[in-house]
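Student: Here you go, upload14.txt (compact mmCIF, C-alpha atoms):
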```txt
# COMPACT_ATOMS: atom_id res chain seq x y z
CA MET J 1 6.56 -31.49 -0.66
CA SER J 2 7.38 -27.97 -1.84
CA ALA J 3 10.86 -28.94 -3.09
CA LYS J 4 9.38 -30.58 -6.18
CA TYR J 5 7.04 -27.79 -7.12
CA ASP J 6 8.60 -24.46 -6.13
CA ARG J 7 11.11 -24.25 -8.98
CA ALA J 8 8.63 -23.51 -11.78
CA ILE J 9 6.05 -20.80 -11.27
CA THR J 10 3.58 -22.37 -13.68
CA VAL J 11 3.35 -25.73 -11.86
CA PHE J 12 0.73 -26.35 -9.18
CA SER J 13 1.53 -28.65 -6.29
CA PRO J 14 -0.92 -31.56 -5.76
CA ASP J 15 -2.66 -29.64 -2.96
CA GLY J 16 -3.22 -26.59 -5.17
CA HIS J 17 -0.37 -24.30 -4.15
CA LEU J 18 1.73 -22.02 -6.34
CA PHE J 19 4.73 -21.81 -4.08
CA GLN J 20 6.49 -18.95 -5.87
CA VAL J 21 3.40 -16.77 -5.36
CA GLU J 22 3.33 -17.71 -1.69
CA TYR J 23 7.04 -16.89 -1.39
CA ALA J 24 6.33 -13.47 -2.94
CA MET J 25 3.67 -12.88 -0.29
CA GLU J 26 6.25 -13.76 2.36
CA ALA J 27 8.53 -11.09 0.88
CA VAL J 28 5.70 -8.59 1.38
CA LYS J 29 5.27 -9.68 5.00
CA ARG J 30 8.95 -8.93 5.59
CA GLY J 31 8.57 -5.39 4.21
CA THR J 32 7.98 -2.29 6.30
CA THR J 33 4.43 -1.86 7.55
CA ALA J 34 1.85 0.39 5.88
CA VAL J 35 -1.65 1.22 7.14
CA GLY J 36 -4.31 2.74 4.90
CA ILE J 37 -7.61 4.21 6.15
CA ARG J 38 -10.42 5.70 4.10
CA GLY J 39 -12.15 8.53 5.95
CA LYS J 40 -15.23 10.49 4.95
CA ASP J 41 -13.20 13.33 3.46
CA SER J 42 -9.67 11.94 3.04
CA VAL J 43 -7.48 8.89 2.67
CA VAL J 44 -4.67 8.53 5.21
CA VAL J 45 -1.67 6.22 5.04
CA ALA J 46 0.75 5.72 7.91
CA VAL J 47 3.98 3.99 6.94
CA GLU J 48 6.83 2.57 8.96
CA ARG J 49 9.94 4.44 7.91
CA LYS J 50 12.69 2.14 6.67
CA ALA J 51 16.00 2.37 8.51
CA THR J 52 18.61 4.05 6.33
CA ALA J 53 22.38 4.15 6.41
CA LYS J 54 23.91 7.01 8.36
CA LEU J 55 25.13 8.78 5.21
CA GLN J 56 22.08 8.03 3.08
CA ASP J 57 19.49 10.70 2.27
CA ALA J 58 16.30 9.33 3.86
CA ASN J 59 14.12 11.44 1.54
CA THR J 60 15.14 9.24 -1.39
CA VAL J 61 13.61 6.17 0.28
CA ARG J 62 9.90 6.95 0.46
CA LYS J 63 6.96 4.55 0.28
CA LEU J 64 4.44 7.04 -1.14
CA VAL J 65 4.55 7.98 -4.82
CA GLN J 66 2.31 10.01 -7.09
CA LEU J 67 0.94 8.19 -10.16
CA ASP J 68 -1.04 11.11 -11.61
CA GLU J 69 -2.89 14.18 -10.33
CA ASN J 70 -5.68 11.98 -8.95
CA THR J 71 -3.97 8.82 -7.71
CA SER J 72 -1.16 7.88 -5.34
CA LEU J 73 0.42 4.57 -4.40
CA VAL J 74 1.96 3.13 -1.22
CA PHE J 75 3.72 -0.22 -1.20
CA ALA J 76 5.21 -2.88 1.05
CA GLY J 77 7.81 -5.35 -0.16
CA LEU J 78 10.71 -5.15 -2.58
CA LEU J 79 11.59 -1.59 -3.59
CA ALA J 80 12.98 -2.54 -7.03
CA ASP J 81 9.85 -4.53 -7.89
CA ALA J 82 7.67 -1.63 -6.76
CA ARG J 83 9.58 0.81 -8.96
CA THR J 84 8.80 -1.28 -12.04
CA LEU J 85 5.08 -1.40 -11.21
CA ILE J 86 5.03 2.33 -10.48
CA ASP J 87 6.59 3.18 -13.85
CA ARG J 88 4.10 0.99 -15.71
CA ALA J 89 1.17 2.43 -13.77
CA ARG J 90 2.29 5.97 -14.62
CA VAL J 91 2.52 5.12 -18.30
CA GLU J 92 -0.99 3.64 -18.19
CA ALA J 93 -2.34 6.76 -16.46
CA GLN J 94 -0.80 9.02 -19.13
CA SER J 95 -1.96 6.76 -21.97
CA TYR J 96 -5.51 6.65 -20.64
CA LYS J 97 -5.67 10.44 -20.29
CA LEU J 98 -4.29 10.92 -23.80
CA THR J 99 -6.86 8.53 -25.25
CA MET J 100 -9.94 9.37 -23.15
CA ASP J 101 -9.18 13.04 -22.40
CA GLU J 102 -9.80 12.46 -18.68
CA ALA J 103 -7.86 11.01 -15.78
CA PRO J 104 -8.33 7.29 -15.10
CA SER J 105 -10.29 6.22 -12.05
CA VAL J 106 -8.54 4.87 -8.98
CA GLU J 107 -10.12 1.48 -9.64
CA HIS J 108 -8.78 1.45 -13.22
CA ILE J 109 -5.21 2.00 -12.01
CA ALA J 110 -5.58 -0.63 -9.27
CA ARG J 111 -6.94 -3.14 -11.79
CA HIS J 112 -4.10 -2.38 -14.20
CA ILE J 113 -1.47 -2.99 -11.51
CA ALA J 114 -3.21 -6.19 -10.43
CA ASN J 115 -3.36 -7.41 -14.05
CA ILE J 116 0.40 -6.97 -14.39
CA GLN J 117 0.99 -8.83 -11.13
CA GLN J 118 -1.31 -11.66 -12.23
CA LYS J 119 0.48 -12.10 -15.58
CA TYR J 120 3.69 -12.71 -13.67
CA THR J 121 2.11 -15.67 -11.84
CA GLN J 122 1.46 -17.80 -14.93
CA SER J 123 4.31 -17.08 -17.34
CA GLY J 124 7.50 -19.07 -17.70
CA GLY J 125 10.86 -17.41 -17.18
CA VAL J 126 9.58 -14.75 -14.79
CA ARG J 127 8.80 -14.52 -11.08
CA PRO J 128 5.97 -12.80 -9.20
CA PHE J 129 6.36 -9.23 -7.95
CA GLY J 130 7.24 -9.24 -4.25
CA VAL J 131 5.06 -6.20 -3.65
CA SER J 132 1.65 -5.39 -2.23
CA THR J 133 0.25 -1.93 -2.93
CA PHE J 134 -2.34 0.53 -1.70
CA VAL J 135 -3.79 2.66 -4.51
CA LEU J 136 -5.58 5.72 -3.19
CA GLY J 137 -7.38 8.69 -4.62
CA PHE J 138 -10.72 10.40 -5.15
CA GLU J 139 -13.58 9.87 -7.58
CA GLY J 140 -15.80 12.90 -7.33
CA ASP J 141 -16.38 13.47 -3.62
CA ASN J 142 -15.65 9.86 -2.72
CA PRO J 143 -12.28 8.72 -1.35
CA ARG J 144 -11.15 5.30 -2.61
CA LEU J 145 -8.62 2.84 -1.22
CA PHE J 146 -7.64 -0.32 -3.11
CA GLN J 147 -5.11 -3.02 -2.29
CA THR J 148 -3.29 -5.33 -4.73
CA ASP J 149 -1.11 -8.32 -3.83
CA PRO J 150 1.43 -10.57 -5.61
CA SER J 151 -1.25 -13.05 -6.72
CA GLY J 152 -2.86 -10.35 -8.87
CA THR J 153 -6.01 -9.86 -6.82
CA PHE J 154 -7.29 -6.39 -5.96
CA SER J 155 -10.07 -5.21 -3.69
CA GLU J 156 -11.38 -2.04 -2.08
CA TRP J 157 -11.03 -1.48 1.67
CA LYS J 158 -12.22 0.89 4.37
CA ALA J 159 -9.01 0.17 6.29
CA ASN J 160 -6.20 -2.34 5.92
CA ALA J 161 -2.54 -3.02 6.62
CA VAL J 162 0.25 -4.63 4.61
CA GLY J 163 3.81 -5.58 5.42
CA ARG J 164 5.37 -6.76 8.65
CA ASN J 165 2.89 -7.50 11.48
CA SER J 166 -0.02 -6.59 9.20
CA LYS J 167 -2.22 -9.36 10.64
CA THR J 168 -2.02 -7.91 14.15
CA ILE J 169 -2.77 -4.39 12.91
CA ARG J 170 -5.66 -5.62 10.76
CA GLU J 171 -7.18 -7.31 13.81
CA TYR J 172 -6.86 -4.02 15.71
CA LEU J 173 -8.61 -2.16 12.89
CA GLU J 174 -11.42 -4.72 12.75
CA LYS J 175 -12.12 -4.08 16.43
CA ASN J 176 -11.65 -0.32 16.47
CA PHE J 177 -12.56 0.99 13.00
CA GLU J 178 -15.28 3.60 12.74
CA GLU J 179 -16.16 6.19 10.13
CA THR J 180 -13.93 9.20 10.69
CA GLU J 181 -13.15 12.53 9.09
CA GLY J 182 -10.46 15.17 9.29
CA ARG J 183 -7.81 14.71 11.93
CA GLU J 184 -9.65 11.72 13.45
CA THR J 185 -8.62 9.59 10.46
CA GLN J 186 -4.97 10.49 11.01
CA VAL J 187 -5.27 9.59 14.71
CA LEU J 188 -6.81 6.20 13.91
CA ALA J 189 -4.06 5.40 11.39
CA LEU J 190 -1.36 6.23 13.93
CA LYS J 191 -3.13 4.27 16.68
CA ALA J 192 -3.15 1.21 14.44
CA LEU J 193 0.46 1.52 13.26
CA THR J 194 1.87 2.15 16.73
CA GLU J 195 0.42 -1.16 17.87
CA MET J 196 3.57 -2.67 16.34
CA VAL J 197 5.88 0.29 15.54
CA GLU J 198 7.69 2.53 18.02
CA PRO J 199 5.70 5.79 18.30
CA SER J 200 8.07 8.42 16.94
CA SER J 201 8.12 10.62 13.85
CA LYS J 202 11.61 9.24 13.24
CA ASN J 203 10.02 5.85 12.57
CA ILE J 204 6.73 6.86 10.97
CA ASP J 205 5.59 8.80 7.90
CA VAL J 206 1.97 9.90 7.56
CA ALA J 207 0.48 11.08 4.27
CA VAL J 208 -2.97 12.56 3.69
CA MET J 209 -4.90 12.86 0.44
CA ARG J 210 -7.89 15.17 0.24
CA LYS J 211 -10.26 16.01 -2.59
CA GLY J 212 -8.64 18.08 -5.31
CA THR J 213 -5.13 17.80 -3.89
CA GLN J 214 -2.24 15.40 -4.19
CA ALA J 215 -1.18 13.28 -1.23
CA VAL J 216 1.17 15.16 1.07
CA TYR J 217 3.27 14.09 4.05
CA LEU J 218 2.38 15.54 7.42
CA PRO J 219 5.23 17.52 9.02
CA SER J 220 7.11 15.65 11.73
CA GLU J 221 5.82 18.17 14.29
CA GLU J 222 2.20 17.25 13.55
CA VAL J 223 2.95 13.53 13.74
CA ASP J 224 4.71 13.98 17.09
CA ALA J 225 1.80 16.07 18.40
CA ILE J 226 -0.69 13.29 17.63
CA LEU J 227 1.61 10.65 19.10
CA LYS J 228 1.95 12.74 22.28
CA GLU J 229 -1.84 12.95 22.56
CA LEU J 230 -2.10 9.16 22.19
CA ALA J 231 0.57 8.60 24.85
CA GLU J 232 -1.25 10.88 27.30
CA ALA J 233 -4.71 9.42 26.59
```
Mind turning this structure into structure tokens?
Tutor:
Amino acid sequence: MSAKYDRAITVFSPDGHLFQVEYAMEAVKRGTTAVGIRGKDSVVVAVERKATAKLQDANTVRKLVQLDENTSLVFAGLLADARTLIDRARVEAQSYKLTMDEAPSVEHIARHIANIQQKYTQSGGVRPFGVSTFVLGFEGDNPRLFQTDPSGTFSEWKANAVGRNSKTIREYLEKNFEETEGRETQVLALKALTEMVEPSSKNIDVAVMRKGTQAVYLPSEEVDAILKELAEA
């Protein structure tokens, strides 16, 4: 059935599918795993570190990027597609601040990214972005965590996972999520990610965003210390 309808992005199949959008979501599912958790005082993301070539600088292949002083982004899926969305989101953040004389909200940036992704699901001569993103930041004292996907939808989450094995990790979070703060949020993120990823700082990056600061990666020593606690528990 799909063979007739998956060549043009603007054509629905008789049972209501847009196959190119579904294929883009499959590209996301093949990407490295990312877990995002919104705590009481921080937002934590734990990301599976992509395997790199022996001579490649691993620091140049990072899943967390800064959009402006208030907002960061983590993605799963195609790196080149993500780079395009990141550049456009940064331009929007700068344009908004220049016009409104204040930084855009986290929701505004998430909606802008989702709008771009949606436009690429109904235009001829283009294909959907093979990327799902977490947009994280603070609004006042409140941490925010939004997710966008290739269909152009966006929503706010307390905790979620994207990328490879995300369904299994999401089920774990649904059973084990509770409101956390401080280091407890980091522990929960690592517990969830290590359900499907080998527990080692060589395979995992953890970033924390707190009020008034940009998102920063935890040192490998701290990640290993938490993983050791989990192994001994």
Student: Write out as a PDB file with C-alpha atoms, keeping the file's coordinate frame the residues lying within 8 Å of stretch 172-186 of chain J, counting only C-alpha atoms and excluding same-chain residues fewer than 3 positions away.
Tutor:
```pdb
ATOM      1  CA  ILE J  37      -7.610   4.210   6.150  1.00  0.00           C
ATOM      2  CA  ARG J  38     -10.420   5.700   4.100  1.00  0.00           C
ATOM      3  CA  GLY J  39     -12.150   8.530   5.950  1.00  0.00           C
ATOM      4  CA  LYS J  40     -15.230  10.490   4.950  1.00  0.00           C
ATOM      5  CA  ASP J  41     -13.200  13.330   3.460  1.00  0.00           C
ATOM      6  CA  SER J  42      -9.670  11.940   3.040  1.00  0.00           C
ATOM      7  CA  VAL J  43      -7.480   8.890   2.670  1.00  0.00           C
ATOM      8  CA  VAL J  44      -4.670   8.530   5.210  1.00  0.00           C
ATOM      9  CA  ALA J 159      -9.010   0.170   6.290  1.00  0.00           C
ATOM     10  CA  ASN J 160      -6.200  -2.340   5.920  1.00  0.00           C
ATOM     11  CA  THR J 168      -2.020  -7.910  14.150  1.00  0.00           C
ATOM     12  CA  ILE J 169      -2.770  -4.390  12.910  1.00  0.00           C
ATOM     13  CA  ALA J 189      -4.060   5.400  11.390  1.00  0.00           C
ATOM     14  CA  LEU J 190      -1.360   6.230  13.930  1.00  0.00           C
ATOM     15  CA  ALA J 192      -3.150   1.210  14.440  1.00  0.00           C
ATOM     16  CA  VAL J 206       1.970   9.900   7.560  1.00  0.00           C
ATOM     17  CA  VAL J 208      -2.970  12.560   3.690  1.00  0.00           C
TER      18      VAL J 208
END
```
Student: Could you tell me how far atom CA of J:Lys158 lies from atom CA of J:Gly36, in Å and to one decimal?
Tutor: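 Atom CA of J:Gly36 lies 8.1 Å from atom CA of J:Lys158.
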Student: So which residues touch stretch 137-141 of chain J within 8 Å, counting only C-alpha atoms, skipping near sequence neighbours fewer than 6 positions away, as a PyMOL selection string?
Tutor: chain J and resi 41+43+70-72+105-106+209-212
Student: Put those residues in a file: C-alpha atoms, as an mmCIF file, in the coordinates of the input.
Tutor:
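The resulting out_11.cif:
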```
data_model
loop_
_atom_site.group_PDB
_atom_site.id
_atom_site.type_symbol
_atom_site.label_atom_id
_atom_site.label_comp_id
_atom_site.auth_asym_id
_atom_site.auth_seq_id
_atom_site.Cartn_x
_atom_site.Cartn_y
_atom_site.Cartn_z
ATOM 1 C CA ASP J 41 -13.200 13.330 3.460
ATOM 2 C CA VAL J 43 -7.480 8.890 2.670
ATOM 3 C CA ASN J 70 -5.680 11.980 -8.950
ATOM 4 C CA THR J 71 -3.970 8.820 -7.710
ATOM 5 C CA SER J 72 -1.160 7.880 -5.340
ATOM 6 C CA SER J 105 -10.290 6.220 -12.050
ATOM 7 C CA VAL J 106 -8.540 4.870 -8.980
ATOM 8 C CA MET J 209 -4.900 12.860 0.440
ATOM 9 C CA ARG J 210 -7.890 15.170 0.240
ATOM 10 C CA LYS J 211 -10.260 16.010 -2.590
ATOM 11 C CA GLY J 212 -8.640 18.080 -5.310
#
```
Student: Return the single residue from J:Ser220, J:Thr84, J:Ser132, J:Asn59 that is closest to J:Ala161, with distances computed using all atoms listed in the file.
Tutor: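 Closest candidate: J:Ser132.
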Student: Find the residues near stretch 14-30 of chain J: any atom within 7 Å, counting all atoms listed in the file, skip ones fewer than 4 places away on the same chain, and give them as a PyMOL selection string.
Tutor: chain J and resi 6+9+76-77+121+128-132+150-151+163-164
Student: Measure the distance from atom CA of J:Ala231 to atom CA of J:Val216 in Å and round it to one decimal.
Tutor: 24.7 Å
Student: What is the distance between atom CA of J:Leu64 and atom CA of J:Leu230, in Å to one decimal?
Tutor: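 We find that atom CA of J:Leu64 and atom CA of J:Leu230 lie 24.3 Å from each other.
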Student: Give the centre and edge lengths of an axis-aligned box, in Å to one decimal, that holds all listed atoms of stretch 10-15 of chain J with 4 Å on each side, as JSON.
Tutor:
```
{"center_x": 0.5, "center_y": -27.0, "center_z": -8.3, "size_x": 14.2, "size_y": 17.2, "size_z": 18.7}
```
Student: Which one is closest to J:Val11: J:Gln94, J:Ser123, J:Thr99, J:Asn165? Count all atoms listed in the file.
Tutor: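 The answer is J:Ser123, which sits nearest to J:Val11.
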Student: Could you tell me which of J:Asp149, J:Glu232, J:Asp224, J:Glu171 comes closest to J:Thr133 if we count all atoms listed in the file?
Tutor: J:Asp149
Student: Under the rule that all atoms listed in the file are counted, which of J:Lys54, J:Val35, J:Ser200, J:Gly152 is the nearest residue to J:Gln118?
Tutor: J:Gly152
Student: From the options J:Ala51, J:Leu73, J:Val187, J:Ile116, which residue's atoms come nearest to J:Arg144, counting all atoms listed in the file?
Tutor: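 The shortest atom-to-atom distance to J:Arg144 comes from J:Leu73.
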